[in-house]
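final.txt (compact mmCIF, C-alpha atoms) appears below.
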# COMPACT_ATOMS: atom_id res chain seq x y z
CA MET A 1 0.00 0.00 0.00
CA THR A 2 1.42 3.41 -1.00
CA THR A 3 1.15 6.50 1.16
CA LYS A 4 -0.91 9.30 -0.38
CA ASN A 5 1.30 12.33 0.17
CA ILE A 6 -1.44 14.83 0.93
CA THR A 7 0.90 16.61 3.35
CA GLU A 8 3.21 17.34 0.39
CA SER A 9 0.47 18.50 -1.98
CA ALA A 10 0.58 22.04 -3.36
CA SER A 11 -0.85 24.90 -1.35
CA LYS A 12 -4.11 26.33 -2.66
CA TYR A 13 -2.56 29.79 -2.30
CA GLU A 14 -0.23 31.33 -4.88
CA ALA A 15 2.38 34.13 -4.70
CA LEU A 16 2.58 34.21 -0.92
CA GLU A 17 5.41 36.74 -1.08
CA LYS A 18 3.04 39.25 -2.71
CA MET A 19 0.45 39.05 0.07
CA SER A 20 0.13 41.76 2.69
CA VAL A 21 0.64 40.84 6.33
CA ASN A 22 -3.12 40.97 6.83
CA GLU A 23 -3.69 38.62 3.89
CA LEU A 24 -1.04 36.22 5.18
CA LEU A 25 -2.48 36.09 8.67
CA THR A 26 -6.08 35.83 7.45
CA ASN A 27 -5.30 32.96 5.10
CA ILE A 28 -3.19 31.09 7.65
CA ASN A 29 -6.00 31.46 10.17
CA ARG A 30 -8.52 30.24 7.59
CA GLU A 31 -6.47 27.08 7.06
CA ASP A 32 -5.88 26.57 10.79
CA SER A 33 -9.62 26.71 11.46
CA THR A 34 -10.08 23.46 9.51
CA VAL A 35 -7.83 21.45 11.83
CA PRO A 36 -10.26 20.82 14.73
CA GLN A 37 -12.81 19.42 12.30
CA ALA A 38 -10.20 17.01 10.93
CA VAL A 39 -9.34 15.92 14.47
CA GLY A 40 -13.03 15.46 15.18
CA ARG A 41 -13.30 12.98 12.35
CA ALA A 42 -10.56 10.91 13.98
CA LEU A 43 -12.19 10.76 17.43
CA PRO A 44 -13.27 7.09 17.12
CA GLN A 45 -9.65 6.12 16.42
CA ILE A 46 -8.37 8.23 19.30
CA GLU A 47 -10.94 6.72 21.66
CA LYS A 48 -9.86 3.16 20.92
CA LEU A 49 -6.20 4.04 21.46
CA VAL A 50 -6.85 5.82 24.76
CA GLN A 51 -8.90 2.92 26.11
CA GLU A 52 -6.10 0.48 25.38
CA ILE A 53 -3.43 2.75 26.89
CA VAL A 54 -5.43 3.11 30.10
CA LYS A 55 -5.75 -0.67 30.47
CA ARG A 56 -2.00 -1.06 30.35
CA MET A 57 -1.11 1.91 32.51
CA GLN A 58 -3.49 0.69 35.20
CA ILE A 59 -1.26 -2.38 35.57
CA GLY A 60 2.03 -0.49 35.53
CA GLY A 61 2.59 0.27 31.86
CA ARG A 62 4.27 3.37 30.45
CA LEU A 63 3.68 5.49 27.37
CA PHE A 64 6.41 6.22 24.82
CA TYR A 65 6.20 8.79 22.02
CA ILE A 66 8.66 8.42 19.14
CA GLY A 67 9.11 10.91 16.32
CA ALA A 68 11.51 13.02 14.28
CA GLY A 69 11.68 16.78 13.82
CA THR A 70 8.51 18.66 14.71
CA SER A 71 6.67 15.43 15.48
CA GLY A 72 9.36 14.31 17.91
CA ARG A 73 9.40 17.70 19.61
CA LEU A 74 5.64 17.67 20.05
CA GLY A 75 5.84 14.27 21.73
CA ILE A 76 8.52 15.52 24.09
CA VAL A 77 6.48 18.61 24.96
CA ASP A 78 3.45 16.50 25.81
CA ALA A 79 5.46 14.00 27.84
CA SER A 80 7.32 16.70 29.75
CA GLU A 81 4.08 18.35 30.88
CA CYS A 82 2.63 15.23 32.50
CA PRO A 83 4.72 15.21 35.71
CA PRO A 84 4.12 18.85 36.70
CA THR A 85 0.46 18.77 35.68
CA TYR A 86 -0.55 15.40 37.10
CA GLY A 87 2.17 14.59 39.64
CA VAL A 88 3.22 11.40 37.85
CA PRO A 89 6.82 10.12 37.69
CA TYR A 90 9.04 11.49 34.94
CA ASP A 91 9.48 8.03 33.43
CA LEU A 92 5.76 7.30 33.03
CA VAL A 93 5.30 9.23 29.77
CA ILE A 94 8.51 9.39 27.74
CA GLY A 95 9.18 11.39 24.58
CA LEU A 96 11.97 10.21 22.26
CA ILE A 97 13.23 12.09 19.21
CA ALA A 98 15.43 10.95 16.33
CA GLY A 99 18.91 12.32 16.94
CA GLY A 100 18.57 12.44 20.71
CA ASP A 101 18.00 15.43 22.98
CA SER A 102 20.23 17.72 20.90
CA ALA A 103 17.65 17.38 18.12
CA ILE A 104 15.09 19.16 20.28
CA ARG A 105 16.76 22.49 19.47
CA LYS A 106 18.70 21.76 16.30
CA ALA A 107 17.94 19.36 13.45
CA VAL A 108 20.28 16.35 13.28
CA GLU A 109 20.92 15.41 9.66
CA PHE A 110 19.64 12.00 8.53
CA ALA A 111 18.77 10.94 12.10
CA GLU A 112 15.21 10.13 11.06
CA ASP A 113 16.47 7.72 8.37
CA ASP A 114 17.79 5.11 10.83
CA GLU A 115 15.15 2.39 11.19
CA ASN A 116 16.98 0.74 14.10
CA GLN A 117 17.57 3.70 16.39
CA ALA A 118 14.10 4.19 17.89
CA TRP A 119 13.99 0.69 19.36
CA LYS A 120 17.53 1.15 20.69
CA ASP A 121 16.33 4.35 22.37
CA ILE A 122 13.34 2.52 23.87
CA LEU A 123 15.51 -0.37 25.08
CA GLU A 124 17.29 2.01 27.45
CA TYR A 125 14.05 2.05 29.47
CA ASP A 126 13.68 -1.76 29.71
CA PRO A 127 10.32 -1.94 27.90
CA THR A 128 7.71 -4.58 28.77
CA SER A 129 4.49 -5.80 27.18
CA LYS A 130 2.58 -3.45 29.49
CA ASP A 131 4.03 -0.43 27.67
CA THR A 132 2.63 1.54 24.73
CA VAL A 133 4.56 3.13 21.87
CA ILE A 134 2.94 5.86 19.77
CA GLY A 135 4.74 6.78 16.56
CA ILE A 136 4.23 10.38 15.44
CA ALA A 137 4.91 11.42 11.84
CA ALA A 138 2.92 13.80 9.68
CA SER A 139 4.06 12.05 6.50
CA GLY A 140 3.55 8.55 7.86
CA ARG A 141 6.77 7.30 6.32
CA THR A 142 9.59 8.27 8.71
CA PRO A 143 12.03 5.29 8.98
CA TYR A 144 12.91 6.04 12.63
CA VAL A 145 9.25 5.71 13.57
CA ILE A 146 8.49 2.76 11.29
CA GLY A 147 11.36 0.71 12.71
CA GLY A 148 10.43 1.57 16.28
CA LEU A 149 6.83 0.47 15.80
CA GLN A 150 7.86 -2.75 14.06
CA GLU A 151 10.12 -3.79 16.91
CA ALA A 152 7.61 -2.71 19.54
CA ARG A 153 4.96 -4.95 18.01
CA LYS A 154 7.39 -7.87 17.72
CA ASN A 155 8.13 -7.53 21.42
CA GLY A 156 4.50 -7.41 22.51
CA LEU A 157 4.08 -3.69 23.21
CA LEU A 158 0.87 -1.89 22.30
CA THR A 159 1.39 0.34 19.24
CA GLY A 160 -0.40 3.46 18.08
CA SER A 161 0.37 6.21 15.60
CA ILE A 162 -0.55 9.78 14.71
CA THR A 163 -0.24 10.70 11.03
CA CYS A 164 -1.71 13.20 8.58
CA ASN A 165 -1.61 11.05 5.43
CA PRO A 166 -4.03 8.20 4.77
CA ASP A 167 -2.93 4.58 4.35
CA SER A 168 0.62 5.24 5.49
CA LYS A 169 3.36 2.77 6.35
CA ILE A 170 3.34 3.95 9.95
CA ALA A 171 -0.42 3.37 10.23
CA GLN A 172 0.08 -0.15 8.89
CA GLU A 173 2.64 -0.87 11.61
CA ALA A 174 0.42 0.45 14.43
CA LYS A 175 -2.37 -1.63 15.92
CA PHE A 176 -4.31 1.55 16.73
CA PRO A 177 -3.53 4.19 14.09
CA VAL A 178 -4.90 7.73 14.25
CA GLU A 179 -5.11 9.49 10.89
CA VAL A 180 -5.92 13.21 10.90
CA ILE A 181 -6.13 14.37 7.28
CA VAL A 182 -5.72 18.14 7.33
CA GLY A 183 -4.92 18.62 3.63
CA ALA A 184 -2.35 20.83 1.96
CA GLU A 185 -0.37 23.30 4.06
CA PHE A 186 -0.44 27.07 3.55
CA VAL A 187 3.26 26.85 2.70
CA THR A 188 3.57 23.72 0.58
CA GLY A 189 4.95 20.82 2.64
CA SER A 190 5.44 22.85 5.85
CA THR A 191 3.93 20.25 8.15
CA ARG A 192 4.87 22.16 11.29
CA MET A 193 1.72 24.18 10.52
CA LYS A 194 -1.65 22.42 10.18
CA ALA A 195 -0.25 18.91 10.59
CA GLY A 196 1.74 19.95 13.65
CA THR A 197 -1.32 21.63 15.14
CA ALA A 198 -3.37 18.50 14.56
CA GLN A 199 -0.73 16.31 16.19
CA LYS A 200 -0.59 18.64 19.20
CA LEU A 201 -4.37 18.51 19.61
CA VAL A 202 -4.38 14.72 19.45
CA LEU A 203 -1.53 14.44 21.95
CA ASN A 204 -3.39 16.80 24.29
CA MET A 205 -6.44 14.56 24.04
CA ILE A 206 -4.55 11.34 24.61
CA SER A 207 -2.52 12.39 27.64
CA THR A 208 -5.35 14.36 29.26
CA ALA A 209 -7.94 11.62 28.80
CA VAL A 210 -5.52 8.95 30.02
CA MET A 211 -4.58 10.91 33.14
CA ILE A 212 -8.21 11.63 33.98
CA GLN A 213 -9.06 7.95 33.55
CA LEU A 214 -6.17 7.12 35.89
CA GLY A 215 -7.71 9.33 38.57
CA ARG A 216 -5.29 12.23 38.35
CA ILE A 217 -8.03 14.89 38.31
CA LYS A 218 -10.64 15.62 40.98
CA GLY A 219 -13.71 17.35 39.63
CA ASN A 220 -11.98 19.53 37.07
CA LYS A 221 -8.91 20.36 39.12
CA MET A 222 -5.24 19.32 38.94
CA VAL A 223 -5.06 18.16 42.54
CA ASP A 224 -1.83 16.21 41.96
CA MET A 225 0.09 19.03 40.27
CA GLN A 226 3.62 19.79 41.42
CA LEU A 227 3.79 23.02 43.42
CA SER A 228 6.91 24.21 41.62
CA ASN A 229 6.36 27.98 41.60
CA HIS A 230 4.40 30.71 43.37
CA LYS A 231 1.64 30.73 40.75
CA LEU A 232 0.96 27.03 41.27
CA VAL A 233 1.10 27.38 45.06
CA ASP A 234 -1.50 30.16 44.82
CA ARG A 235 -3.62 27.97 42.55
CA GLY A 236 -3.37 25.12 45.06
CA ILE A 237 -4.49 27.39 47.89
CA GLN A 238 -7.47 28.53 45.83
CA MET A 239 -8.39 24.92 45.06
CA LEU A 240 -8.38 24.06 48.75
CA MET A 241 -10.48 27.09 49.64
CA GLU A 242 -13.09 26.16 47.04
CA GLU A 243 -13.09 22.42 47.64
CA ALA A 244 -13.22 22.50 51.43
CA ASP A 245 -14.85 25.91 51.97
CA ILE A 246 -12.04 27.06 54.23
CA SER A 247 -10.25 30.37 54.69
CA GLN A 248 -7.03 31.31 52.92
CA PRO A 249 -4.82 31.11 56.06
CA ILE A 250 -6.08 27.58 56.82
CA ALA A 251 -5.60 26.53 53.21
CA GLU A 252 -2.05 27.89 53.21
CA LYS A 253 -1.19 25.95 56.38
CA LEU A 254 -2.66 22.73 55.03
CA LEU A 255 -0.81 23.02 51.74
CA GLN A 256 2.43 23.79 53.53
CA LYS A 257 1.93 20.77 55.79
CA TYR A 258 1.04 18.22 53.10
CA GLY A 259 2.78 19.70 50.05
CA ASN A 260 0.01 18.40 47.80
CA VAL A 261 -3.55 19.53 47.13
CA ARG A 262 -5.03 16.02 47.07
CA LYS A 263 -3.41 15.04 50.37
CA ALA A 264 -4.56 18.28 51.97
CA ILE A 265 -8.13 17.65 50.80
CA GLU A 266 -8.04 14.06 52.05
CA SER A 267 -6.83 15.26 55.45
CA LEU A 268 -10.15 17.08 55.83
Show how you would write the structure in this file as structure tokens.
Amino acid sequence: MTTKNITESASKYEALEKMSVNELLTNINREDSTVPQAVGRALPQIEKLVQEIVKRMQIGGRLFYIGAGTSGRLGIVDASECPPTYGVPYDLVIGLIAGGDSAIRKAVEFAEDDENQAWKDILEYDPTSKDTVIGIAASGRTPYVIGGLQEARKNGLLTGSITCNPDSKIAQEAKFPVEVIVGAEFVTGSTRMKAGTAQKLVLNMISTAVMIQLGRIKGNKMVDMQLSNHKLVDRGIQMLMEEADISQPIAEKLLQKYGNVRKAIESL
């Protein structure tokens, strides 16, 4: 099966360099507005993937994101936000990028072309069959991601993918593929735009839904968040005041004593 390279198809806009700033921004915004609808069409796929991830994480599994370039960076961003937001360990959701951490800031030439490297990167974490690997690639044909998914499946891990082309190689390698078809980019082939936005929205959905299902939210509040700055401490105090109907001084003392909103609430 051959990947349909919709992400590489020509922009519907011509002579971008002749557009005014207002025209550029208006047209980019017009294209961006189509992304949520494309994500909406993929909700059934996302739902199946989330349900399977939750099953495994409830028995001690972890979640790995693998990708190259923009896709890899988006996975790392999502993974890095889970510990401070939900109070989970830093090795529960892990983002891996082709070329290693230096590729987060600067592209590493040909790193994405190594089919063997992703699984080597995953092996450093002693993967088990309880774990999940999600391959992220707008094109759906990145060798780093393809190889990682192939080896993950061979070794009994759950596999998912997020792509923006239909019928891609990466989707074929994933048991639970998510395909968000956003169409041609405003700048031809610049998949950091609509495709990147779509991937970010899907990653938000996956990690947020998984963490809520794992009990990391109470009501609508991040009661397990890390109190790592004054803003978050103030937010925690406000949560306690609202949840327990107590005064600010009492809330401050409770939060200082327990160091965690959930524990402070449970103490009451």
For a cutoff of 12 Å around the file-coordinate point (-10.1, 15.7, 39.1), which residues qualify once you count all atoms listed in the file? I'd like the result as a ChimeraX atom specification. /A:85-86,208-209,211-225,239,243,261-262
Can you tell me, as a short mmCIF file (atom, residue, chain, number, x, y, z; two decimals) with C-alpha atoms, in the frame of the given file, what residues are no more than 12 Å from A:Ala138 when counting all atoms listed in the file, ignoring any on the same chain fewer than 5 positions away?
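Written file, selection-v2.cif:
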data_model
loop_
_atom_site.label_atom_id
_atom_site.label_comp_id
_atom_site.auth_asym_id
_atom_site.auth_seq_id
_atom_site.Cartn_x
_atom_site.Cartn_y
_atom_site.Cartn_z
CA THR A 3 1.15 6.50 1.16
CA LYS A 4 -0.91 9.30 -0.38
CA ASN A 5 1.30 12.33 0.17
CA ILE A 6 -1.44 14.83 0.93
CA THR A 7 0.90 16.61 3.35
CA GLU A 8 3.21 17.34 0.39
CA GLY A 67 9.11 10.91 16.32
CA ALA A 68 11.51 13.02 14.28
CA GLY A 69 11.68 16.78 13.82
CA THR A 70 8.51 18.66 14.71
CA SER A 71 6.67 15.43 15.48
CA GLY A 72 9.36 14.31 17.91
CA LEU A 74 5.64 17.67 20.05
CA VAL A 145 9.25 5.71 13.57
CA SER A 161 0.37 6.21 15.60
CA ILE A 162 -0.55 9.78 14.71
CA THR A 163 -0.24 10.70 11.03
CA CYS A 164 -1.71 13.20 8.58
CA ASN A 165 -1.61 11.05 5.43
CA PRO A 166 -4.03 8.20 4.77
CA SER A 168 0.62 5.24 5.49
CA LYS A 169 3.36 2.77 6.35
CA ILE A 170 3.34 3.95 9.95
CA ALA A 171 -0.42 3.37 10.23
CA VAL A 178 -4.90 7.73 14.25
CA GLU A 179 -5.11 9.49 10.89
CA VAL A 180 -5.92 13.21 10.90
CA ILE A 181 -6.13 14.37 7.28
CA VAL A 182 -5.72 18.14 7.33
CA GLY A 183 -4.92 18.62 3.63
CA ALA A 184 -2.35 20.83 1.96
CA GLU A 185 -0.37 23.30 4.06
CA GLY A 189 4.95 20.82 2.64
CA SER A 190 5.44 22.85 5.85
CA THR A 191 3.93 20.25 8.15
CA ARG A 192 4.87 22.16 11.29
CA MET A 193 1.72 24.18 10.52
CA LYS A 194 -1.65 22.42 10.18
CA ALA A 195 -0.25 18.91 10.59
CA GLY A 196 1.74 19.95 13.65
CA THR A 197 -1.32 21.63 15.14
CA ALA A 198 -3.37 18.50 14.56
CA GLN A 199 -0.73 16.31 16.19
CA LYS A 200 -0.59 18.64 19.20
#
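Using all atoms listed in the file, the shortest contact distance between A:Arg30 and any of A:Pro44, A:Lys12, A:Asp114, A:Tyr144 is found at A:Lys12.
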For A:Phe186, work out the shell of residues within 7 Å, counting only C-alpha atoms and skipping chain neighbours fewer than 3 positions away, then give it as a count of residues only. 4
Please provide as a VMD selection string all residues within 12 Å of A:Ala118, with the sequence filter that same-chain residues fewer than 3 positions apart are discarded (counting only C-alpha atoms).
chain A and resid 64 to 68 72 95 to 100 111 to 115 121 to 125 133 to 136 142 to 152
Contact residues around A:Val210 with only C-alpha atoms at 8 Å, ignoring same-chain residues under 3 positions, as a compact mmCIF listing (two decimals) with C-alpha atoms, in the frame of the given file:
# COMPACT_ATOMS: atom_id res chain seq x y z
CA VAL A 50 -6.85 5.82 24.76
CA GLN A 51 -8.90 2.92 26.11
CA ILE A 53 -3.43 2.75 26.89
CA VAL A 54 -5.43 3.11 30.10
CA ILE A 206 -4.55 11.34 24.61
CA SER A 207 -2.52 12.39 27.64
CA GLN A 213 -9.06 7.95 33.55
CA LEU A 214 -6.17 7.12 35.89
Checklist entry - Within 9 Å of stretch 226-236 of chain A, counting all atoms listed in the file, which residues qualify if same-chain residues fewer than 6 places away don't, as a list in words? => result Pro83, Pro84, Thr85, Tyr86, Gly87, Ala251, Glu252, Leu255, Gly259, Asn260 and Val261 of chain A
### Query
Could you list as a list in words every residue that has an atom within 12 Å of (3.3, -11.6, 25.5), using the file's coordinates and counting all atoms listed in the file?
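Here the neighbourhood of the point contains Thr128, Ser129, Lys130, Asp131, Ala152, Arg153, Lys154, Asn155, Gly156, Leu157 and Leu158 of chain A.
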(Q) Just to confirm, what's the straight-line distance from atom CA of A:Ala137 to atom CA of A:Gln58 in Å (one decimal)? (A)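 Going from atom CA of A:Ala137 over to atom CA of A:Gln58 covers 27.0 Å.
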From A:Gln238, A:Ser20, A:Asn204, A:Asn116, residue lying nearest A:Cys82 [only C-alpha atoms]: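 Once distances to A:Cys82 are computed over only C-alpha atoms, the minimum belongs to A:Asn204.
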Quiz item: For A:Gly140, which residue out of A:Val35, A:Asp126, A:Glu173, A:Gln117 is the nearest one, using only C-alpha atoms?
Solution: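 Closest to A:Gly140, using only C-alpha atoms: A:Glu173.
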